[in-house]
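Asks: Dropping a structure here in structure tokens format, bear with me for questions.
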Amino acid sequence: MLLTIDIDNKNTDFGIFDENKLVTKFSIMTDKNRSAEEIKLTIKLILMDKKIELSDIKDIILSTVVPELNSNYENISIDLLGKSPIVISAGVKTGLNIKCESPREVGTDRIIKAVAATNRYKENIIIISASSVTTIDYINSKKEFLGGLILPGINLLQDSLVKGSAKLPHVEIKKPEDVIGKNTEKAIQRGIYFGYKKAVLGIVDEIVNAYSLNKENTKFLITGSFASLLKNETYLFEEDQTLGIVGLKIIYDLNKNKAS
């Protein structure tokens, strides 16, 4: 079995693959202050609950945008398997044609999701990853990763609002029933929700117009912890929370010799 690990700023996603089958997946909160022992125990307990033997896991591959956790997961892999994990970095084959000024600067979180999407679809693809950091990437029908945009996630918008004011409180981030808030809490909820959603949809509009795309020749994929907030009537957003871990499995298969 293969353990894939996608470490994002907010959540860390795990996938267990038996050959080409995704057997199970689970997530934990990303915490820079957690020790390797704590993370390892959490993984062990979750796998035990899912009736998966640690001895059945033969390899680990991971992508991380949190460098502080690299050594922890390196130690976990060595402790569990007796060898280092495959880490998505320069020198690892991805099969993705990155048409950016500096391909090495493209975040591995964006790469693994694009790899999964381009292996599944032949159309143009726009991927929206709605987490603490929101990324919006465009891959054309030639499977060329042309780049994208990076903006704050909806929770960071709320944090900046609270930090910039002496009185405004944190509120629950959710989809409101109507656009006008009748009190301060509801006004904040609506402001950050509609502000975030309209920003993302406006960016998608700009990409669609700039590259002469249409709904028939383009796949719109969303993932991440805030993906459900972006559902709308203009674009058919297809939610897929396995993009990262599936992309890691595809990259693992391209680099099998290194894992042996």
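Going through the structure tokens in order, the chains are called A, B, and so on, while each chain numbers its residues from 1 and the ligands are numbered from 1 in the order shown.
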I want to know what sits within 9 Å of Ile245 (chain A), based on only C-alpha atoms, with residues of the same chain fewer than 5 positions away left out; could you give that as a PyMOL selection string?
Replies: chain A and resi 3-6+13-16+25+62+112-113+116+250
Asks: Write out, as a Markdown table, each residue of region 19-70 of chain A that has an atom at most 12 Å from region 89-106 of chain A, together with the closest pair of atoms and their distance in Å to one decimal, counting only C-alpha atoms, rows going by chain and rising number.
Replies:
| residue | atom | partner | partner_atom | distance |
| --- | --- | --- | --- | --- |
| A:Ile61 | CA | A:Val92 | CA | 10.9 |
| A:Leu62 | CA | A:Ser89 | CA | 9.8 |
| A:Ser63 | CA | A:Ser89 | CA | 8.2 |
| A:Thr64 | CA | A:Ser89 | CA | 9.6 |
| A:Val65 | CA | A:Val106 | CA | 10.7 |
| A:Pro67 | CA | A:Ser89 | CA | 11.8 |
| A:Asn70 | CA | A:Ser89 | CA | 11.9 |
Asks: Could you take the residues named above and write them with N, CA and C atoms, as a tab-separated table (two decimals), in the first residue's frame?
Replies:
chain	number	residue	atom	x	y	z
A	61	ILE	N	4.61	9.15	-0.05
A	61	ILE	CA	4.94	10.29	-0.91
A	61	ILE	C	4.18	11.48	-0.37
A	62	LEU	N	4.86	12.63	-0.31
A	62	LEU	CA	4.19	13.79	0.26
A	62	LEU	C	4.51	15.08	-0.47
A	63	SER	N	3.55	15.99	-0.38
A	63	SER	CA	3.71	17.36	-0.85
A	63	SER	C	3.43	18.26	0.34
A	64	THR	N	4.25	19.30	0.51
A	64	THR	CA	4.02	20.20	1.63
A	64	THR	C	4.27	21.65	1.24
A	65	VAL	N	3.43	22.53	1.75
A	65	VAL	CA	3.66	23.97	1.61
A	65	VAL	C	4.03	24.55	2.98
A	67	PRO	N	7.15	24.14	5.18
A	67	PRO	CA	8.51	23.58	5.31
A	67	PRO	C	8.87	23.15	6.73
A	70	ASN	N	8.59	19.41	7.37
A	70	ASN	CA	9.33	18.44	6.54
A	70	ASN	C	10.08	17.41	7.38
Asks: Which is closest to Gln158 (chain A) among A:Val179, A:Ile127, A:Ile192, A:Val208, if we use only C-alpha atoms?
Replies: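 Selected residue with least distance to Gln158 (chain A): A:Ile192.
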Asks: Determine the nearest neighbour of Gly148 (chain A) from the options A:Ile203, A:Ile60, A:Leu248, A:Ile173, counting only C-alpha atoms.
Replies: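 Closest residue, counting only C-alpha atoms: A:Ile203.
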Asks: Which is closer to Asn75 (chain A) than all the others in A:Thr218, A:Thr30, A:Ser55, A:Ser35, using only C-alpha atoms?
Replies: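 Closest residue, counting only C-alpha atoms: A:Ser35.
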Asks: Grab the CA of Ser27 (chain A) to CA of Gln189 (chain A) distance for me, in Å with one decimal place.
Replies: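 Between CA of Ser27 (chain A) and CA of Gln189 (chain A) the gap is 26.1 Å.
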Asks: Could you name the residues that touch Arg120 (chain A) at 12 Å or less, counting only C-alpha atoms, but leaving out those on the same chain fewer than 4 positions away, as a list in words?
Replies: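 Here the answer would be Lys113, Ala114, Val115, Ala116, Asn124, Ile125, Ser141, Lys143, Lys219, Leu221, Asp240, Leu243, Val246, Gly247 and Ile250 of chain A.
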Asks: Would you output that residue set with C-alpha atoms, as a PDB file, in the first residue's frame?
Replies:
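Written output follows (part-v4.pdb):
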ATOM      1  CA  LYS A 113      -3.816  18.929  -8.171  1.00  0.00           C
ATOM      2  CA  ALA A 114      -3.049  19.879 -11.780  1.00  0.00           C
ATOM      3  CA  VAL A 115      -1.469  16.453 -12.361  1.00  0.00           C
ATOM      4  CA  ALA A 116      -4.634  14.706 -11.158  1.00  0.00           C
ATOM      5  CA  ASN A 124      -9.308  23.189 -20.528  1.00  0.00           C
ATOM      6  CA  ILE A 125      -9.256  23.150 -16.743  1.00  0.00           C
ATOM      7  CA  SER A 141      -6.451  21.548 -23.437  1.00  0.00           C
ATOM      8  CA  LYS A 143      -2.166  20.027 -20.846  1.00  0.00           C
ATOM      9  CA  LYS A 219     -13.817  21.865 -16.555  1.00  0.00           C
ATOM     10  CA  LEU A 221     -12.831  22.027 -10.387  1.00  0.00           C
ATOM     11  CA  ASP A 240     -13.236  16.993  -5.722  1.00  0.00           C
ATOM     12  CA  LEU A 243      -7.249  15.930  -6.278  1.00  0.00           C
ATOM     13  CA  VAL A 246      -4.669  11.306  -6.420  1.00  0.00           C
ATOM     14  CA  GLY A 247      -2.064  13.585  -8.002  1.00  0.00           C
ATOM     15  CA  ILE A 250       0.140   9.485 -10.204  1.00  0.00           C
TER      16      ILE A 250
END
Asks: Can you list, as a count of residues only, all residues belonging to region 31-190 of chain A that DSSP tags as alpha helix (DSSP H)?
Replies: 56
